$ cat data_9.cif   # mmCIF, C-alpha atoms
data_start
loop_
_atom_site.group_PDB
_atom_site.id
_atom_site.type_symbol
_atom_site.label_atom_id
_atom_site.label_comp_id
_atom_site.auth_asym_id
_atom_site.auth_seq_id
_atom_site.Cartn_x
_atom_site.Cartn_y
_atom_site.Cartn_z
ATOM 1 C CA MET A 1 -16.090 -47.341 57.713
ATOM 2 C CA LYS A 2 -13.143 -45.404 59.179
ATOM 3 C CA LYS A 3 -13.595 -47.143 62.544
ATOM 4 C CA LEU A 4 -13.751 -50.571 60.903
ATOM 5 C CA LEU A 5 -10.604 -49.912 58.877
ATOM 6 C CA LEU A 6 -8.743 -48.677 61.945
ATOM 7 C CA SER A 7 -9.693 -51.902 63.747
ATOM 8 C CA PHE A 8 -8.232 -53.852 60.851
ATOM 9 C CA VAL A 9 -5.028 -51.807 60.814
ATOM 10 C CA LEU A 10 -4.551 -52.547 64.496
ATOM 11 C CA LEU A 11 -5.475 -56.210 64.183
ATOM 12 C CA MET A 12 -3.344 -57.060 61.169
ATOM 13 C CA GLN A 13 -0.355 -55.918 63.111
ATOM 14 C CA CYS A 14 -1.178 -58.912 65.293
ATOM 15 C CA PHE A 15 -0.296 -61.345 62.493
ATOM 16 C CA PHE A 16 2.396 -60.008 61.560
ATOM 17 C CA ALA A 17 21.999 -68.612 67.518
ATOM 18 C CA SER A 18 19.107 -69.559 70.045
ATOM 19 C CA ALA A 19 21.173 -68.251 72.971
ATOM 20 C CA GLN A 20 20.260 -64.802 71.684
ATOM 21 C CA ALA A 21 16.520 -65.434 72.120
ATOM 22 C CA PRO A 22 14.941 -63.835 75.202
ATOM 23 C CA VAL A 23 14.329 -66.012 78.241
ATOM 24 C CA GLU A 24 13.023 -63.273 80.540
ATOM 25 C CA ASN A 25 9.306 -62.623 80.932
ATOM 26 C CA SER A 26 8.900 -58.951 80.100
ATOM 27 C CA LEU A 27 7.087 -56.706 77.638
ATOM 28 C CA LEU A 28 9.416 -53.731 78.139
ATOM 29 C CA TRP A 29 13.098 -53.782 77.142
ATOM 30 C CA GLU A 30 15.977 -51.321 77.167
ATOM 31 C CA ILE A 31 18.089 -51.380 73.997
ATOM 32 C CA THR A 32 21.587 -49.875 73.813
ATOM 33 C CA THR A 33 24.697 -50.081 71.646
ATOM 34 C CA PRO A 34 28.312 -49.158 72.501
ATOM 35 C CA GLY A 35 28.850 -45.433 72.209
ATOM 36 C CA GLN A 36 25.164 -44.616 72.352
ATOM 37 C CA ALA A 37 24.599 -41.785 74.827
ATOM 38 C CA LYS A 38 21.011 -42.589 75.769
ATOM 39 C CA PRO A 39 19.073 -45.855 75.520
ATOM 40 C CA SER A 40 15.965 -46.532 73.496
ATOM 41 C CA TYR A 41 13.191 -48.884 74.577
ATOM 42 C CA LEU A 42 11.161 -51.684 73.032
ATOM 43 C CA PHE A 43 7.632 -52.514 74.166
ATOM 44 C CA GLY A 44 5.395 -55.383 73.070
ATOM 45 C CA THR A 45 1.762 -54.469 72.518
ATOM 46 C CA ILE A 46 -1.438 -56.397 72.027
ATOM 47 C CA HIS A 47 -3.303 -54.466 69.406
ATOM 48 C CA LEU A 48 -6.883 -54.870 70.644
ATOM 49 C CA ILE A 49 -7.809 -55.736 74.239
ATOM 50 C CA CYS A 50 -10.747 -55.279 76.602
ATOM 51 C CA PRO A 51 -10.508 -52.301 78.991
ATOM 52 C CA THR A 52 -10.532 -54.644 82.005
ATOM 53 C CA ASP A 53 -7.264 -56.195 80.774
ATOM 54 C CA PHE A 54 -5.651 -52.952 79.593
ATOM 55 C CA LEU A 55 -2.802 -51.402 81.601
ATOM 56 C CA LEU A 56 -0.273 -48.676 80.964
ATOM 57 C CA SER A 57 1.920 -48.810 84.065
ATOM 58 C CA ASP A 58 3.554 -45.788 85.663
ATOM 59 C CA SER A 59 6.974 -47.282 84.912
ATOM 60 C CA LEU A 60 6.085 -47.590 81.234
ATOM 61 C CA LYS A 61 4.893 -43.980 81.118
ATOM 62 C CA ALA A 62 8.080 -42.866 82.847
ATOM 63 C CA THR A 63 10.147 -44.832 80.345
ATOM 64 C CA LEU A 64 8.351 -43.238 77.411
ATOM 65 C CA ALA A 65 8.938 -39.799 78.967
ATOM 66 C CA ARG A 66 12.708 -40.406 78.763
ATOM 67 C CA THR A 67 12.530 -40.701 74.966
ATOM 68 C CA GLN A 68 12.114 -38.113 72.223
ATOM 69 C CA GLN A 69 9.874 -39.984 69.786
ATOM 70 C CA VAL A 70 7.578 -43.002 69.494
ATOM 71 C CA ALA A 71 8.012 -45.541 66.683
ATOM 72 C CA LEU A 72 5.066 -47.857 66.021
ATOM 73 C CA GLU A 73 4.795 -50.505 63.326
ATOM 74 C CA ILE A 74 3.157 -47.795 61.201
ATOM 75 C CA ASP A 75 2.636 -44.085 61.823
ATOM 76 C CA MET A 76 -0.737 -44.172 63.586
ATOM 77 C CA ASP A 77 -1.147 -40.396 63.767
ATOM 78 C CA ASP A 78 -0.540 -39.829 60.050
ATOM 79 C CA PRO A 79 -3.564 -37.801 58.872
ATOM 80 C CA GLY A 80 -3.312 -39.489 55.482
ATOM 81 C CA MET A 81 -3.445 -43.049 56.846
ATOM 82 C CA MET A 82 -7.123 -43.685 56.136
ATOM 83 C CA ALA A 83 -6.838 -42.298 52.609
ATOM 84 C CA SER A 84 -3.865 -44.597 51.973
ATOM 85 C CA MET A 85 -5.831 -47.495 53.409
ATOM 86 C CA MET A 86 -8.726 -46.852 51.036
ATOM 87 C CA LYS A 87 -6.351 -46.837 48.070
ATOM 88 C CA SER A 88 -4.624 -50.099 48.961
ATOM 89 C CA MET A 89 -7.419 -52.188 50.482
ATOM 90 C CA ASN A 90 -8.814 -53.742 47.302
ATOM 91 C CA MET A 91 -7.743 -57.020 45.720
ATOM 92 C CA SER A 92 -5.693 -56.980 42.548
ATOM 93 C CA ASP A 93 -6.733 -58.143 39.074
ATOM 94 C CA GLY A 94 -10.411 -57.399 39.565
ATOM 95 C CA ASN A 95 -10.930 -60.099 42.177
ATOM 96 C CA GLU A 96 -14.157 -60.062 44.187
ATOM 97 C CA LEU A 97 -15.243 -61.908 47.310
ATOM 98 C CA LYS A 98 -18.026 -63.730 45.446
ATOM 99 C CA LYS A 99 -15.402 -65.302 43.190
ATOM 100 C CA LEU A 100 -13.532 -66.797 46.154
ATOM 101 C CA VAL A 101 -16.385 -68.668 47.855
ATOM 102 C CA THR A 102 -19.412 -70.752 46.948
ATOM 103 C CA GLU A 103 -22.873 -69.200 46.874
ATOM 104 C CA GLN A 104 -23.670 -71.011 50.125
ATOM 105 C CA GLN A 105 -20.528 -69.714 51.824
ATOM 106 C CA TYR A 106 -21.207 -66.175 50.633
ATOM 107 C CA ALA A 107 -24.778 -66.290 51.957
ATOM 108 C CA LYS A 108 -23.478 -67.581 55.317
ATOM 109 C CA LEU A 109 -20.811 -64.868 55.512
ATOM 110 C CA SER A 110 -23.308 -62.167 54.583
ATOM 111 C CA GLN A 111 -25.783 -63.282 57.242
ATOM 112 C CA PHE A 112 -23.095 -63.542 59.915
ATOM 113 C CA TYR A 113 -21.679 -60.074 59.294
ATOM 114 C CA LYS A 114 -25.182 -58.606 59.260
ATOM 115 C CA ASP A 115 -26.361 -60.345 62.449
ATOM 116 C CA SER A 116 -23.195 -60.671 64.564
ATOM 117 C CA VAL A 117 -21.006 -57.799 63.383
ATOM 118 C CA GLY A 118 -23.573 -55.261 62.249
ATOM 119 C CA VAL A 119 -22.038 -54.459 58.868
ATOM 120 C CA ALA A 120 -23.037 -55.258 55.298
ATOM 121 C CA LEU A 121 -20.690 -57.677 53.573
ATOM 122 C CA ALA A 122 -21.232 -55.842 50.286
ATOM 123 C CA MET A 123 -19.067 -52.935 51.451
ATOM 124 C CA PHE A 124 -16.085 -55.315 51.500
ATOM 125 C CA GLU A 125 -16.848 -57.031 48.187
ATOM 126 C CA LYS A 126 -13.566 -56.021 46.506
ATOM 127 C CA ALA A 127 -11.440 -55.737 49.653
ATOM 128 C CA LYS A 128 -8.595 -58.086 50.474
ATOM 129 C CA PRO A 129 -10.266 -60.785 52.578
ATOM 130 C CA PHE A 130 -8.123 -60.126 55.669
ATOM 131 C CA ILE A 131 -9.816 -56.718 55.861
ATOM 132 C CA LEU A 132 -12.832 -58.676 57.106
ATOM 133 C CA MET A 133 -10.832 -59.773 60.163
ATOM 134 C CA GLY A 134 -11.081 -56.326 61.737
ATOM 135 C CA PRO A 135 -14.875 -56.178 62.092
ATOM 136 C CA LEU A 136 -15.012 -59.939 62.770
ATOM 137 C CA PHE A 137 -12.935 -59.370 65.898
ATOM 138 C CA ASN A 138 -15.875 -57.451 67.367
ATOM 139 C CA ALA A 139 -17.696 -60.789 67.495
ATOM 140 C CA VAL A 140 -14.761 -62.454 69.281
ATOM 141 C CA LEU A 141 -14.444 -59.827 72.017
ATOM 142 C CA SER A 142 -17.253 -59.165 74.478
ATOM 143 C CA CYS A 143 -16.291 -55.524 74.936
ATOM 144 C CA GLN A 144 -15.429 -52.286 73.195
ATOM 145 C CA PRO A 145 -11.683 -52.859 72.808
ATOM 146 C CA GLN A 146 -8.879 -50.468 73.607
ATOM 147 C CA SER A 147 -5.662 -50.028 71.671
ATOM 148 C CA TYR A 148 -2.181 -49.736 73.142
ATOM 149 C CA GLU A 149 -1.027 -48.026 69.962
ATOM 150 C CA MET A 150 -3.618 -45.257 70.113
ATOM 151 C CA SER A 151 -2.921 -44.768 73.837
ATOM 152 C CA LEU A 152 0.788 -44.394 73.088
ATOM 153 C CA VAL A 153 -0.035 -41.860 70.374
ATOM 154 C CA GLU A 154 -1.979 -39.856 72.969
ATOM 155 C CA LEU A 155 0.916 -39.999 75.456
ATOM 156 C CA ALA A 156 3.344 -38.905 72.748
ATOM 157 C CA ALA A 157 1.124 -35.938 71.924
ATOM 158 C CA LYS A 158 1.059 -34.860 75.577
ATOM 159 C CA GLN A 159 4.850 -34.735 75.765
ATOM 160 C CA LYS A 160 5.086 -33.297 72.228
ATOM 161 C CA SER A 161 6.988 -36.299 70.893
ATOM 162 C CA GLU A 162 6.838 -37.202 67.230
ATOM 163 C CA VAL A 163 5.197 -40.482 66.184
ATOM 164 C CA ILE A 164 6.796 -42.356 63.283
ATOM 165 C CA GLY A 165 6.394 -45.737 61.606
ATOM 166 C CA ILE A 166 8.972 -48.523 61.324
ATOM 167 C CA GLU A 167 7.283 -49.530 58.087
ATOM 168 C CA THR A 168 4.644 -47.949 55.865
ATOM 169 C CA LEU A 169 0.995 -48.829 55.529
ATOM 170 C CA ASP A 170 1.623 -49.659 51.867
ATOM 171 C CA GLU A 171 4.276 -52.188 52.939
ATOM 172 C CA GLN A 172 1.822 -53.806 55.347
ATOM 173 C CA MET A 173 -1.008 -53.931 52.836
ATOM 174 C CA ALA A 174 1.282 -55.396 50.153
ATOM 175 C CA ILE A 175 1.716 -58.466 52.363
ATOM 176 C CA PHE A 176 -1.899 -59.391 51.695
ATOM 177 C CA ASP A 177 -1.252 -59.507 47.958
ATOM 178 C CA THR A 178 1.427 -62.161 48.483
ATOM 179 C CA ILE A 179 -0.866 -64.451 50.508
ATOM 180 C CA PRO A 180 -3.454 -66.193 48.287
ATOM 181 C CA TYR A 181 -6.863 -64.585 48.704
ATOM 182 C CA GLN A 182 -8.377 -68.075 48.977
ATOM 183 C CA ASP A 183 -6.220 -68.736 52.047
ATOM 184 C CA GLN A 184 -7.284 -65.438 53.585
ATOM 185 C CA ILE A 185 -11.002 -66.109 53.263
ATOM 186 C CA LYS A 186 -10.465 -69.672 54.503
ATOM 187 C CA THR A 187 -9.098 -68.233 57.762
ATOM 188 C CA ILE A 188 -12.169 -65.994 58.111
ATOM 189 C CA ILE A 189 -14.562 -68.897 57.562
ATOM 190 C CA THR A 190 -12.626 -71.113 59.995
ATOM 191 C CA MET A 191 -12.907 -68.482 62.725
ATOM 192 C CA ILE A 192 -16.645 -67.988 62.161
ATOM 193 C CA ASP A 193 -17.228 -71.752 62.236
ATOM 194 C CA SER A 194 -15.357 -72.103 65.541
ATOM 195 C CA LEU A 195 -16.045 -68.898 67.475
ATOM 196 C CA PRO A 196 -16.027 -70.563 70.938
ATOM 197 C CA GLN A 197 -12.550 -71.963 70.273
ATOM 198 C CA ALA A 198 -11.381 -68.616 68.881
ATOM 199 C CA ARG A 199 -12.623 -66.825 71.993
ATOM 200 C CA LYS A 200 -10.847 -69.348 74.226
ATOM 201 C CA GLU A 201 -7.610 -68.982 72.282
ATOM 202 C CA PHE A 202 -7.736 -65.209 72.501
ATOM 203 C CA SER A 203 -8.417 -65.444 76.223
ATOM 204 C CA ASN A 204 -5.312 -67.616 76.601
ATOM 205 C CA LEU A 205 -3.326 -65.128 74.530
ATOM 206 C CA VAL A 206 -4.415 -62.240 76.772
ATOM 207 C CA ALA A 207 -3.466 -64.233 79.881
ATOM 208 C CA LEU A 208 0.022 -64.863 78.485
ATOM 209 C CA TYR A 209 0.317 -61.199 77.525
ATOM 210 C CA LYS A 210 -0.625 -60.005 80.997
ATOM 211 C CA SER A 211 1.910 -62.409 82.524
ATOM 212 C CA GLN A 212 4.482 -61.044 80.005
ATOM 213 C CA LYS A 213 5.443 -64.541 78.809
ATOM 214 C CA ILE A 214 6.510 -63.451 75.355
ATOM 215 C CA ASN A 215 7.924 -66.807 74.241
ATOM 216 C CA ASP A 216 4.773 -68.693 75.257
ATOM 217 C CA LEU A 217 2.725 -66.028 73.468
ATOM 218 C CA TYR A 218 4.896 -66.445 70.367
ATOM 219 C CA ASN A 219 4.416 -70.232 70.473
ATOM 220 C CA LEU A 220 0.641 -69.838 70.771
ATOM 221 C CA MET A 221 0.603 -67.542 67.745
ATOM 222 C CA MET A 222 2.625 -70.036 65.734
ATOM 223 C CA ALA A 223 0.179 -72.840 66.575
ATOM 224 C CA SER A 224 -2.981 -70.773 65.988
ATOM 225 C CA ASN A 225 -5.593 -71.815 63.424
ATOM 226 C CA TYR A 226 -6.692 -68.195 63.021
ATOM 227 C CA GLY A 227 -3.528 -66.318 62.232
ATOM 228 C CA MET A 228 -0.614 -66.927 59.907
ATOM 229 C CA ASP A 229 -1.540 -70.461 58.766
ATOM 230 C CA GLY A 230 1.725 -71.249 56.991
ATOM 231 C CA ASN A 231 2.536 -67.638 56.095
ATOM 232 C CA GLU A 232 4.859 -67.000 59.034
ATOM 233 C CA GLU A 233 7.774 -66.071 56.786
ATOM 234 C CA VAL A 234 6.054 -63.160 55.074
ATOM 235 C CA MET A 235 3.877 -62.006 57.988
ATOM 236 C CA LEU A 236 6.383 -62.312 60.830
ATOM 237 C CA PHE A 237 9.975 -63.331 60.138
ATOM 238 C CA ALA A 238 10.658 -61.249 57.022
ATOM 239 C CA ARG A 239 9.225 -58.181 58.728
ATOM 240 C CA ASN A 240 11.335 -58.744 61.853
ATOM 241 C CA LYS A 241 14.456 -58.973 59.694
ATOM 242 C CA LYS A 242 13.497 -55.842 57.758
ATOM 243 C CA TRP A 243 12.758 -53.873 60.920
ATOM 244 C CA VAL A 244 16.093 -54.408 62.685
ATOM 245 C CA PRO A 245 18.288 -52.150 60.476
ATOM 246 C CA ARG A 246 15.522 -49.553 60.572
ATOM 247 C CA ILE A 247 15.349 -49.735 64.375
ATOM 248 C CA LYS A 248 19.145 -49.446 64.485
ATOM 249 C CA LYS A 249 19.074 -46.296 62.338
ATOM 250 C CA ILE A 250 16.165 -44.687 64.209
ATOM 251 C CA ALA A 251 17.697 -45.381 67.640
ATOM 252 C CA ALA A 252 21.015 -43.883 66.513
ATOM 253 C CA GLU A 253 19.280 -40.601 65.677
ATOM 254 C CA LYS A 254 17.481 -40.041 68.989
ATOM 255 C CA PRO A 255 16.188 -41.978 72.025
ATOM 256 C CA THR A 256 13.065 -43.750 70.807
ATOM 257 C CA PHE A 257 10.210 -45.703 72.344
ATOM 258 C CA PHE A 258 9.540 -48.579 69.931
ATOM 259 C CA ALA A 259 6.226 -50.428 70.230
ATOM 260 C CA VAL A 260 5.395 -53.476 68.111
ATOM 261 C CA GLY A 261 3.108 -56.456 68.513
ATOM 262 C CA ALA A 262 4.369 -58.699 71.313
ATOM 263 C CA GLY A 263 4.373 -61.680 68.953
ATOM 264 C CA HIS A 264 7.355 -60.101 67.203
ATOM 265 C CA LEU A 265 9.512 -60.192 70.362
ATOM 266 C CA GLY A 266 9.857 -63.890 71.161
ATOM 267 C CA GLY A 267 11.717 -66.742 69.495
ATOM 268 C CA ASP A 268 15.169 -66.957 67.944
ATOM 269 C CA ARG A 269 13.938 -65.060 64.858
ATOM 270 C CA GLY A 270 12.201 -62.386 66.904
ATOM 271 C CA VAL A 271 13.190 -58.741 67.116
ATOM 272 C CA ILE A 272 14.998 -59.111 70.462
ATOM 273 C CA SER A 273 17.144 -61.999 69.206
ATOM 274 C CA LEU A 274 17.934 -60.195 65.939
ATOM 275 C CA LEU A 275 18.880 -56.980 67.755
ATOM 276 C CA ARG A 276 21.245 -58.909 70.016
ATOM 277 C CA LYS A 277 22.878 -60.507 66.981
ATOM 278 C CA GLU A 278 23.432 -56.995 65.611
ATOM 279 C CA GLY A 279 25.366 -56.012 68.736
ATOM 280 C CA PHE A 280 22.597 -54.383 70.761
ATOM 281 C CA LYS A 281 22.418 -54.969 74.484
ATOM 282 C CA VAL A 282 18.749 -55.753 75.125
ATOM 283 C CA ARG A 283 17.795 -55.801 78.815
ATOM 284 C CA ALA A 284 14.416 -56.679 80.280
ATOM 285 C CA ILE A 285 12.814 -54.011 82.442
ATOM 286 C CA LYS A 286 10.634 -55.412 85.195
#
$ encode --input "data_9.cif" --output "structure tokens"
Amino acid sequence: MKKLLLSFVLLMQCFFASAQAPVENSLLWEITTPGQAKPSYLFGTIHLICPTDFLLSDSLKATLARTQQVALEIDMDDPGMMASMMKSMNMSDGNELKKLVTEQQYAKLSQFYKDSVGVALAMFEKAKPFILMGPLFNAVLSCQPQSYEMSLVELAAKQKSEVIGIETLDEQMAIFDTIPYQDQIKTIITMIDSLPQARKEFSNLVALYKSQKINDLYNLMMASNYGMDGNEEVMLFARNKKWVPRIKKIAAEKPTFFAVGAGHLGGDRGVISLLRKEGFKVRAIK
């Protein structure tokens, strides 16, 4: 159960003046403001990826070594994270999965999760439907995925740097109370009914990530049938806007290595554009 919930925590971070928008192809950025003694850095992650596509470059490791702390979307080394997840994972108002789907759909979901994912659907009966996306992703990938976030946590531990969160787990989980549960389960069913297309889309996303084309990656996310589905404001844009003053405050305190999902970087409402509008100099590092 802990492993499945961690997969969901990592995955859900995936959903979440145009001249300011980035035009460079890069995942790693230096961020500075006037009067700031040392720069901080911003890195775009992909939350789950096959080991054959995973890479932490020497330049990235060297960049992280120049900072004093790592800031992820949430604090991934918080020992209380799983307990918090268990408290906030269930739907409100006594909702249950069986109430959201037909008997036929429930039977289909139950059989799929048993045969293709290897988990019993009953254990998620009261959970917010997007929780099901975590274990479902095991059926999309043909590997045991790796996590950039957990690798960064390990690197931070080696250099004795603190790991913090830009937002809290409770803030992330609250998002899935604002999106209708019916819409959430619809996304799950759509992905199961079109697994070949989902696998192809994810393959395209990985290719764009590896080529560091953050705007093309952003555009693919916006057009996806398996992600935000009309909920871009709450899952992406509102979070970007909320993060920027927090990033500004954290960076002012000490040099920080920020790492967020790469989908948050691109576009004129992305984190890079918003930081530039706040007076930050944001420079791509090749």
$ residues_around --input "data_9.cif" --residues "stretch 20-35 of chain A" --least-positions-apart "4" --cutoff "10 Å" --atoms "all atoms listed in the file" --output "PyMOL selection string"
chain A and resi 39-45+59-60+63+208-216+248+251-252+255-259+261-262+265-286
$ residues_near_point --input "data_9.cif" --point "(-13.6, -58.5, 75.3)" --cutoff "12 Å" --atoms "only C-alpha atoms" --output "number ranges by chain"
A: 48-54, 137-146, 199-200, 202-203, 206
$ atom_distance --input "data_9.cif" --atom1 "atom CA of A:Val101" --atom2 "atom CA of A:Ala122"
13.9 Å
$ atom_distance --input "data_9.cif" --atom1 "atom CA of A:Lys98" --atom2 "atom CA of A:Met82"
25.2 Å
$ closest_residue --input "data_9.cif" --among "A:Leu155, A:Met91, A:Met235, A:Ile188" --to "A:Ile175" --atoms "all atoms listed in the file"
A:Met235
$ resolve_selection --input "data_9.cif" --expression "the PyMOL selection byres ((chain A and resi 92) around 10)" --output "list in words"
Ser88, Met89, Asn90, Met91, Asp93, Gly94, Asn95, Glu96, Lys126, Ala127, Lys128, Asp177 and Tyr181 of chain A
$ atom_distance --input "data_9.cif" --atom1 "atom CA of A:Ile166" --atom2 "atom CA of A:Ala71"
6.2 Å
$ closest_residue --input "data_9.cif" --among "A:Ala83, A:Ala62, A:Leu55, A:Val119" --to "A:Gln159" --atoms "all atoms listed in the file"
A:Ala62
$ closest_residue --input "data_9.cif" --among "A:Lys186, A:Lys242, A:His264, A:Lys160" --to "A:Asn219" --atoms "all atoms listed in the file"
A:His264
$ resolve_selection --input "data_9.cif" --expression "the PyMOL selection byres ((chain A and resi 163) around 9)" --output "count of residues only"
15
$ decode --input "data_9.cif" --residues "stretch 57-68 of chain A" --atoms "N, CA and C atoms" --output "PDB file, in the first residue's frame"
ATOM      1  N   SER A  57      22.652  14.131 -14.834  1.00  0.00           N
ATOM      2  CA  SER A  57      23.946  14.484 -15.418  1.00  0.00           C
ATOM      3  C   SER A  57      24.913  14.987 -14.360  1.00  0.00           C
ATOM      4  N   ASP A  58      26.195  14.936 -14.685  1.00  0.00           N
ATOM      5  CA  ASP A  58      27.222  15.449 -13.776  1.00  0.00           C
ATOM      6  C   ASP A  58      27.034  16.949 -13.541  1.00  0.00           C
ATOM      7  N   SER A  59      26.619  17.671 -14.584  1.00  0.00           N
ATOM      8  CA  SER A  59      26.426  19.116 -14.420  1.00  0.00           C
ATOM      9  C   SER A  59      25.266  19.399 -13.472  1.00  0.00           C
ATOM     10  N   LEU A  60      24.226  18.581 -13.531  1.00  0.00           N
ATOM     11  CA  LEU A  60      23.105  18.762 -12.617  1.00  0.00           C
ATOM     12  C   LEU A  60      23.540  18.480 -11.180  1.00  0.00           C
ATOM     13  N   LYS A  61      24.296  17.418 -10.985  1.00  0.00           N
ATOM     14  CA  LYS A  61      24.785  17.091  -9.642  1.00  0.00           C
ATOM     15  C   LYS A  61      25.685  18.195  -9.103  1.00  0.00           C
ATOM     16  N   ALA A  62      26.515  18.747  -9.991  1.00  0.00           N
ATOM     17  CA  ALA A  62      27.401  19.836  -9.571  1.00  0.00           C
ATOM     18  C   ALA A  62      26.603  21.083  -9.209  1.00  0.00           C
ATOM     19  N   THR A  63      25.532  21.328  -9.959  1.00  0.00           N
ATOM     20  CA  THR A  63      24.670  22.468  -9.666  1.00  0.00           C
ATOM     21  C   THR A  63      24.000  22.302  -8.311  1.00  0.00           C
ATOM     22  N   LEU A  64      23.482  21.117  -8.052  1.00  0.00           N
ATOM     23  CA  LEU A  64      22.835  20.856  -6.767  1.00  0.00           C
ATOM     24  C   LEU A  64      23.823  21.030  -5.618  1.00  0.00           C
ATOM     25  N   ALA A  65      25.082  20.634  -5.846  1.00  0.00           N
ATOM     26  CA  ALA A  65      26.110  20.739  -4.805  1.00  0.00           C
ATOM     27  C   ALA A  65      26.418  22.189  -4.436  1.00  0.00           C
ATOM     28  N   ARG A  66      26.067  23.138  -5.309  1.00  0.00           N
ATOM     29  CA  ARG A  66      26.316  24.552  -5.018  1.00  0.00           C
ATOM     30  C   ARG A  66      25.186  25.175  -4.194  1.00  0.00           C
ATOM     31  N   THR A  67      24.170  24.393  -3.874  1.00  0.00           N
ATOM     32  CA  THR A  67      23.037  24.909  -3.105  1.00  0.00           C
ATOM     33  C   THR A  67      23.056  24.333  -1.689  1.00  0.00           C
ATOM     34  N   GLN A  68      22.200  24.884  -0.836  1.00  0.00           N
ATOM     35  CA  GLN A  68      22.166  24.485   0.563  1.00  0.00           C
ATOM     36  C   GLN A  68      20.908  23.714   0.950  1.00  0.00           C
TER      37      GLN A  68
END
